[in-house]
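Shown next: run-v2.txt, containing compact mmCIF, C-alpha atoms.
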# COMPACT_ATOMS: atom_id res chain seq x y z
CA MET K 27 41.49 24.81 4.31
CA GLN K 28 43.64 21.76 3.81
CA ALA K 29 46.64 21.14 6.05
CA SER K 30 49.89 19.95 4.49
CA ALA K 31 50.28 16.19 4.29
CA GLY K 32 52.63 15.94 7.26
CA SER K 33 50.30 17.73 9.66
CA VAL K 34 46.91 16.23 8.78
CA ARG K 35 45.05 15.35 11.94
CA ARG K 36 44.09 11.69 12.14
CA VAL K 37 41.53 9.92 14.27
CA ASN K 38 43.47 8.14 17.04
CA PRO K 39 43.31 4.29 16.98
CA ALA K 40 44.13 4.21 20.71
CA ALA K 41 40.58 5.42 21.39
CA GLU K 42 39.18 2.09 20.12
CA GLY K 43 36.96 0.51 22.77
CA LYS K 44 36.30 3.77 24.58
CA THR K 45 32.79 4.25 25.93
CA TYR K 46 31.13 7.58 26.61
CA GLU K 47 28.63 8.85 29.14
CA GLN K 48 25.09 7.55 28.98
CA VAL K 49 22.38 10.05 28.06
CA ALA K 50 18.60 9.73 28.48
CA PHE K 51 16.55 10.10 25.29
CA GLU K 52 12.76 10.21 25.18
CA ILE K 53 10.93 8.86 22.13
CA SER K 54 8.61 11.85 22.22
CA GLU K 55 5.39 11.91 20.25
CA GLU K 56 6.27 15.32 18.85
CA ARG K 57 9.61 14.20 17.47
CA VAL K 58 8.17 10.98 16.04
CA ARG K 59 5.50 13.10 14.33
CA ALA K 60 8.18 15.28 12.74
CA PHE K 61 9.76 12.15 11.19
CA GLN K 62 6.37 10.80 10.08
CA GLU K 63 5.41 14.10 8.46
CA LEU K 64 8.69 14.14 6.55
CA PHE K 65 8.86 10.54 5.38
CA GLY K 66 5.31 9.17 5.57
CA GLY K 67 4.88 5.45 6.10
CA PRO K 68 2.64 3.52 8.51
CA PRO K 69 2.09 4.67 12.13
CA GLY K 70 4.70 3.76 14.76
CA VAL K 71 8.31 4.73 15.40
CA PRO K 72 10.01 5.10 11.98
CA PRO K 73 12.97 2.71 11.51
CA THR K 74 15.58 5.48 11.26
CA PHE K 75 14.15 7.54 14.13
CA LEU K 76 17.01 6.51 16.45
CA THR K 77 19.36 8.77 14.51
CA ALA K 78 17.90 11.47 16.79
CA ALA K 79 19.06 9.42 19.81
CA GLU K 80 22.54 9.04 18.30
CA PHE K 81 22.78 12.78 17.83
CA THR K 82 22.17 13.37 21.55
CA VAL K 83 25.45 11.53 22.30
CA PHE K 84 27.59 12.20 19.20
CA PRO K 85 28.73 15.67 20.39
CA GLN K 86 30.65 13.93 23.23
CA VAL K 87 32.39 11.68 20.71
CA ILE K 88 33.04 14.26 18.00
CA GLY K 89 34.45 16.74 20.52
CA ASP K 90 36.63 14.22 22.39
CA PRO K 91 40.24 15.52 22.24
CA GLU K 92 41.60 11.98 22.84
CA LEU K 93 39.83 10.79 19.70
CA GLY K 94 41.22 13.72 17.67
CA LEU K 95 38.63 13.46 14.92
CA ASP K 96 38.55 16.25 12.29
CA PHE K 97 34.79 16.42 11.77
CA THR K 98 35.11 18.80 8.81
CA ARG K 99 36.57 15.86 6.82
CA VAL K 100 34.02 13.28 8.00
CA VAL K 101 31.43 11.62 5.76
CA HIS K 102 28.86 9.01 6.76
CA GLY K 103 29.88 5.63 5.31
CA THR K 104 27.35 3.08 6.52
CA GLN K 105 24.49 2.87 9.00
CA GLU K 106 22.77 -0.05 10.67
CA TYR K 107 19.94 -0.37 13.19
CA VAL K 108 19.20 -3.64 15.00
CA PHE K 109 15.94 -3.80 16.95
CA HIS K 110 15.64 -6.36 19.74
CA ARG K 111 12.04 -5.33 20.35
CA PRO K 112 9.58 -2.75 19.00
CA LEU K 113 10.13 0.80 20.24
CA ARG K 114 7.32 2.57 22.08
CA ILE K 115 6.32 6.21 21.75
CA GLY K 116 6.73 7.87 25.15
CA GLU K 117 9.44 5.54 26.48
CA THR K 118 12.85 6.79 27.58
CA LEU K 119 15.98 5.03 26.36
CA ARG K 120 19.42 5.23 27.94
CA VAL K 121 21.80 5.85 25.10
CA GLN K 122 25.49 5.03 25.30
CA PRO K 123 28.07 5.18 22.50
CA ARG K 124 31.23 3.11 22.24
CA ILE K 125 34.03 3.29 19.69
CA ALA K 126 33.78 -0.23 18.26
CA SER K 127 36.73 0.12 15.89
CA ILE K 128 39.15 2.57 14.28
CA ARG K 129 41.10 1.61 11.16
CA HIS K 130 43.23 3.53 8.69
CA LYS K 131 43.18 2.50 5.04
CA GLY K 132 44.51 4.38 2.04
CA GLY K 133 44.82 7.67 3.92
CA ASN K 134 41.25 7.53 5.20
CA GLY K 135 40.21 6.76 8.77
CA PHE K 136 37.25 4.43 9.36
CA MET K 137 35.55 4.68 12.75
CA VAL K 138 32.59 2.57 13.84
CA ILE K 139 30.46 4.05 16.63
CA GLU K 140 28.20 1.47 18.25
CA THR K 141 25.40 3.04 20.29
CA GLN K 142 23.41 0.90 22.69
CA MET K 143 19.87 1.92 23.63
CA ARG K 144 18.51 0.38 26.83
CA GLY K 145 14.94 0.46 28.09
CA VAL K 146 13.83 1.00 31.71
CA ASP K 147 14.22 -2.79 32.27
CA ASP K 148 17.96 -2.29 31.53
CA ARG K 149 17.76 -4.62 28.52
CA VAL K 150 19.12 -3.53 25.15
CA ALA K 151 16.17 -2.46 23.00
CA ALA K 152 18.18 -1.43 19.93
CA VAL K 153 21.73 -0.95 18.69
CA ALA K 154 22.87 1.62 16.13
CA ARG K 155 26.14 1.26 14.21
CA SER K 156 27.53 4.21 12.28
CA THR K 157 30.69 4.09 10.19
CA MET K 158 32.25 7.52 9.90
CA ILE K 159 34.93 8.04 7.27
CA GLU K 160 37.54 10.72 7.98
CA ARG K 161 38.80 11.55 4.51
CA GLU K 162 42.45 12.37 3.91
CA SER K 163 41.50 15.59 2.12
CA ALA K 164 38.31 17.59 1.95
CA THR K 165 37.41 16.60 -1.61
CA MET P 7 -0.06 -1.47 0.26
CA SER P 8 1.74 -3.75 2.70
CA ALA P 9 2.75 -7.31 1.86
CA ARG P 10 1.31 -10.54 3.32
CA PHE P 11 3.89 -13.18 4.23
CA ALA P 12 1.93 -15.89 2.38
CA ASP P 13 2.20 -13.86 -0.87
CA VAL P 14 5.93 -13.01 -0.61
CA HIS P 15 8.43 -14.82 -2.85
CA VAL P 16 12.20 -14.65 -3.32
CA GLY P 17 12.88 -12.18 -6.13
CA ASP P 18 9.81 -10.02 -5.44
CA GLU P 19 10.47 -6.30 -5.66
CA LEU P 20 9.32 -3.90 -2.96
CA PRO P 21 7.08 -1.15 -4.42
CA ALA P 22 9.42 1.71 -5.44
CA LEU P 23 8.96 4.98 -3.56
CA SER P 24 10.13 8.28 -5.02
CA ARG P 25 10.36 11.86 -3.79
CA THR P 26 12.00 15.10 -4.83
CA VAL P 27 14.48 16.42 -2.29
CA THR P 28 13.93 20.05 -1.31
CA ARG P 29 15.87 22.51 0.81
CA GLU P 30 12.86 22.88 3.14
CA ASP P 31 12.68 19.10 3.74
CA VAL P 32 16.41 18.89 4.43
CA ARG P 33 16.15 21.78 6.91
CA ALA P 34 13.17 20.09 8.59
CA TYR P 35 15.22 16.89 8.79
CA ALA P 36 18.13 18.73 10.45
CA ASN P 37 15.72 19.95 13.13
CA ALA P 38 13.97 16.60 13.59
CA SER P 39 17.20 14.58 13.79
CA GLY P 40 19.47 17.08 15.54
CA ASP P 41 22.12 16.79 12.78
CA GLN P 42 22.86 20.47 12.17
CA ASN P 43 26.02 19.95 10.10
CA PRO P 44 26.23 23.09 7.88
CA LEU P 45 27.18 20.90 4.89
CA HIS P 46 23.42 20.28 4.65
CA GLN P 47 22.32 23.90 5.12
CA ASP P 48 24.98 26.32 3.90
CA ASP P 49 25.97 26.35 0.22
CA ASP P 50 29.26 28.14 0.97
CA VAL P 51 30.32 25.40 3.39
CA ALA P 52 29.32 22.73 0.85
CA ARG P 53 31.39 24.46 -1.87
CA MET P 54 34.38 24.64 0.47
CA VAL P 55 34.46 20.83 0.59
CA GLY P 56 34.02 20.48 -3.18
CA PHE P 57 30.27 20.13 -3.77
CA ASP P 58 28.23 22.42 -6.06
CA GLY P 59 25.79 23.16 -3.23
CA ILE P 60 24.32 21.60 -0.11
CA ILE P 61 23.70 17.86 -0.10
CA ALA P 62 21.00 15.91 1.75
CA HIS P 63 22.00 14.06 4.92
CA GLY P 64 22.74 10.41 4.18
CA MET P 65 20.20 9.72 6.91
CA PHE P 66 17.59 11.76 5.04
CA THR P 67 17.96 9.37 2.10
CA MET P 68 17.92 6.39 4.48
CA GLY P 69 14.82 7.83 6.19
CA HIS P 70 13.09 7.73 2.82
CA LEU P 71 14.29 4.15 2.31
CA GLY P 72 12.94 3.32 5.79
CA ALA P 73 9.48 4.58 4.77
CA CYS P 74 9.61 2.35 1.67
CA VAL P 75 10.47 -0.70 3.82
CA ALA P 76 8.00 0.13 6.62
CA GLY P 77 5.20 0.56 4.06
CA TRP P 78 5.93 -2.88 2.65
CA ALA P 79 6.36 -4.44 6.13
CA GLY P 80 3.02 -2.92 7.20
CA ASP P 81 4.35 -1.75 10.59
CA PRO P 82 7.80 -0.40 11.53
CA ALA P 83 7.67 -2.74 14.54
CA ASN P 84 8.09 -5.66 12.07
CA ILE P 85 11.56 -4.42 11.03
CA ALA P 86 14.25 -6.25 13.02
CA ARG P 87 17.21 -4.75 11.18
CA LEU P 88 17.88 -2.03 8.62
CA SER P 89 21.23 -1.14 7.09
CA ALA P 90 22.60 1.04 4.29
CA GLN P 91 25.84 2.01 2.55
CA PHE P 92 26.04 5.63 1.47
CA ARG P 93 27.50 6.20 -1.99
CA ALA P 94 26.65 9.21 -4.18
CA PRO P 95 25.62 12.55 -2.61
CA VAL P 96 22.07 13.82 -3.27
CA PHE P 97 21.57 17.46 -4.31
CA MET P 98 18.53 19.72 -3.90
CA GLY P 99 15.84 19.29 -6.54
CA GLU P 100 16.90 15.75 -7.39
CA GLU P 101 14.47 12.83 -7.34
CA ILE P 102 15.42 9.82 -5.22
CA VAL P 103 13.83 6.42 -5.74
CA ALA P 104 13.91 3.79 -2.98
CA GLY P 105 13.49 0.14 -3.83
CA GLY P 106 14.40 -3.40 -2.86
CA ARG P 107 14.14 -7.09 -3.67
CA VAL P 108 13.46 -10.15 -1.52
CA ARG P 109 16.69 -12.14 -1.26
CA SER P 110 15.71 -14.94 1.15
CA MET P 111 12.89 -16.15 3.37
CA ASP P 112 12.57 -18.33 6.44
CA GLU P 113 9.12 -19.91 6.74
CA PRO P 114 9.19 -21.05 10.41
CA SER P 115 10.15 -17.60 11.74
CA ARG P 116 8.25 -15.73 8.98
CA THR P 117 11.39 -13.69 8.38
CA VAL P 118 12.28 -12.05 5.07
CA ILE P 119 15.66 -10.59 4.09
CA ALA P 120 15.49 -7.91 1.38
CA GLU P 121 18.32 -6.09 -0.35
CA LEU P 122 17.74 -2.36 -0.66
CA TRP P 123 18.87 0.61 -2.67
CA VAL P 124 18.13 4.26 -3.42
CA THR P 125 18.88 5.64 -6.87
CA VAL P 126 19.11 9.16 -8.20
CA GLU P 127 18.98 9.88 -11.93
CA ARG P 128 21.97 11.88 -13.12
CA ASP P 129 22.77 12.65 -16.78
CA GLY P 130 20.04 10.19 -17.78
CA ARG P 131 21.58 7.32 -15.81
CA PRO P 132 20.61 5.99 -12.37
CA GLU P 133 23.33 6.35 -9.74
CA PHE P 134 23.23 4.71 -6.34
CA ALA P 135 22.82 7.12 -3.42
CA ILE P 136 22.45 4.02 -1.23
CA ARG P 137 23.41 0.51 -2.18
CA LYS P 138 23.92 -2.83 -0.45
CA GLY P 139 21.22 -1.90 2.03
CA GLU P 140 19.49 -4.72 3.84
CA ALA P 141 16.30 -5.19 5.84
CA GLU P 142 15.21 -8.08 8.02
CA VAL P 143 11.43 -8.10 8.35
CA ARG P 144 9.47 -10.44 10.62
CA PHE P 145 5.82 -10.82 9.69
CA PRO P 146 3.60 -11.51 12.73
CA ARG P 147 1.24 -14.47 12.67

File written out as structure tokens:
Amino acid sequence: MQASAGSVRRVNPAAEGKTYEQVAFEISEERVRAFQELFGGPPGVPPTFLTAAEFTVFPQVIGDPELGLDFTRVVHGTQEYVFHRPLRIGETLRVQPRIASIRHKGGNGFMVIETQMRGVDDRVAAVARSTMIERESAT
Amino acid sequence: MSARFADVHVGDELPALSRTVTREDVRAYANASGDQNPLHQDDDVARMVGFDGIIAHGMFTMGHLGACVAGWAGDPANIARLSAQFRAPVFMGEEIVAGGRVRSMDEPSRTVIAELWVTVERDGRPEFAIRKGEAEVRFPR
């Protein structure tokens, strides 16, 4: 599976700052229920629910040829959610990812995807930050 | 049982929350979240990248941590920020335990910062699946 050292694909630092197309994401009751049934906790939108919103836009990022990411070598490094207001079941967010940074350190690539979620009032309701680590080798 | 701001003190621990991770739960999480990476569903794929079998999504483990924090906060709407660092992988059949400790408090804004973690017991020793997590919780008046 592993390419020789000279030909390993590396995430491209020139893609830093790139933004991707905005996608609408509904906080549907059904999907919230699926999270609640899995994790329990008090009623309301679970604090990690927005991972479902991130996954509506990640395919654009992961598949971007300019970015050149090898997703088979990617692991999830860190995750952060910042909420500017409570989320409401039934509301639709406009979700837009941006490559906040790309760094290479010790053979690994570190990419931070910052995803803004705006409400119908166009204000930012929440921001998700995911650090993806593209490892030099598979193991 | 959720906390009351008046009763919270620096150094308090959040009630620990444990669960055993099953293949069915991880599959249900893949469907709920949309993260269909085969590393979390196909043992052959997991072995190809050096694991003994499928591992849980990092976000599955963080989802469990989120339930621990939301239970303590009383309402997920009280959580202003939640973060986590993913460390050790979690395998099927393992028990994960989410916990945390109050690090600082701000009385005027009724805001509490807690550090968070999720451990998994391996060879009789706890390992961190998540560490250096943090939550900012604002208790309403």

Find the residue from P:Ala141, P:Met7, P:Val14, P:Val55 that sits nearest to Leu88 of chain P; use only C-alpha atoms when measuring.
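Result for the nearest residue to Leu88 of chain P: P:Ala141.
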
In Å to one decimal, how far is atom CA of Val75 of chain P from atom CA of Leu122 of chain P?
8.7 Å

Extract, using all atoms listed in the file, all DNA, RNA and protein residues at most 7 Å from Ala135 of chain P, discarding same-chain residues fewer than 5 positions from it, and format them as number ranges by chain.
P: 92-96, 124-126

Chain K contacts to chain P at 8 Å (only C-alpha atoms) as a PDB file with C-alpha atoms, in the frame of the given file:
ATOM      1  CA  ARG K  57       9.610  14.200  17.470  1.00  0.00           C
ATOM      2  CA  ALA K  60       8.180  15.280  12.740  1.00  0.00           C
ATOM      3  CA  PHE K  61       9.760  12.150  11.190  1.00  0.00           C
ATOM      4  CA  LEU K  64       8.690  14.140   6.550  1.00  0.00           C
ATOM      5  CA  PHE K  65       8.860  10.540   5.380  1.00  0.00           C
ATOM      6  CA  GLY K  66       5.310   9.170   5.570  1.00  0.00           C
ATOM      7  CA  GLY K  67       4.880   5.450   6.100  1.00  0.00           C
ATOM      8  CA  PRO K  68       2.640   3.520   8.510  1.00  0.00           C
ATOM      9  CA  PRO K  69       2.090   4.670  12.130  1.00  0.00           C
ATOM     10  CA  GLY K  70       4.700   3.760  14.760  1.00  0.00           C
ATOM     11  CA  VAL K  71       8.310   4.730  15.400  1.00  0.00           C
ATOM     12  CA  PRO K  72      10.010   5.100  11.980  1.00  0.00           C
ATOM     13  CA  PRO K  73      12.970   2.710  11.510  1.00  0.00           C
ATOM     14  CA  THR K  74      15.580   5.480  11.260  1.00  0.00           C
ATOM     15  CA  PHE K  75      14.150   7.540  14.130  1.00  0.00           C
ATOM     16  CA  THR K  77      19.360   8.770  14.510  1.00  0.00           C
ATOM     17  CA  ALA K  78      17.900  11.470  16.790  1.00  0.00           C
ATOM     18  CA  PHE K  81      22.780  12.780  17.830  1.00  0.00           C
ATOM     19  CA  THR K  82      22.170  13.370  21.550  1.00  0.00           C
ATOM     20  CA  HIS K 102      28.860   9.010   6.760  1.00  0.00           C
ATOM     21  CA  GLY K 103      29.880   5.630   5.310  1.00  0.00           C
ATOM     22  CA  THR K 104      27.350   3.080   6.520  1.00  0.00           C
ATOM     23  CA  GLN K 105      24.490   2.870   9.000  1.00  0.00           C
ATOM     24  CA  GLU K 106      22.770  -0.050  10.670  1.00  0.00           C
ATOM     25  CA  TYR K 107      19.940  -0.370  13.190  1.00  0.00           C
ATOM     26  CA  VAL K 108      19.200  -3.640  15.000  1.00  0.00           C
ATOM     27  CA  PHE K 109      15.940  -3.800  16.950  1.00  0.00           C
ATOM     28  CA  HIS K 110      15.640  -6.360  19.740  1.00  0.00           C
ATOM     29  CA  ARG K 111      12.040  -5.330  20.350  1.00  0.00           C
ATOM     30  CA  PRO K 112       9.580  -2.750  19.000  1.00  0.00           C
ATOM     31  CA  LEU K 113      10.130   0.800  20.240  1.00  0.00           C
ATOM     32  CA  ALA K 164      38.310  17.590   1.950  1.00  0.00           C
ATOM     33  CA  THR K 165      37.410  16.600  -1.610  1.00  0.00           C
TER      34      THR K 165
END

Using atom CA of Val83 of chain K and atom CA of Ala50 of chain K as the two end points, give the distance in Å to one decimal.
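Separation of atom CA of Val83 of chain K and atom CA of Ala50 of chain K: 9.4 Å.
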
Cut-off 7 Å around (10.7, -12.9, 0.7) with all atoms listed in the file: residues as a PyMOL selection string:
chain P and resi 14-16+18+108-111+118-120

Report the distance between atom CA of Arg35 of chain K and atom CA of Gln142 of chain K in Å, rounded to one decimal place.
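Between atom CA of Arg35 of chain K and atom CA of Gln142 of chain K the gap is 28.2 Å.
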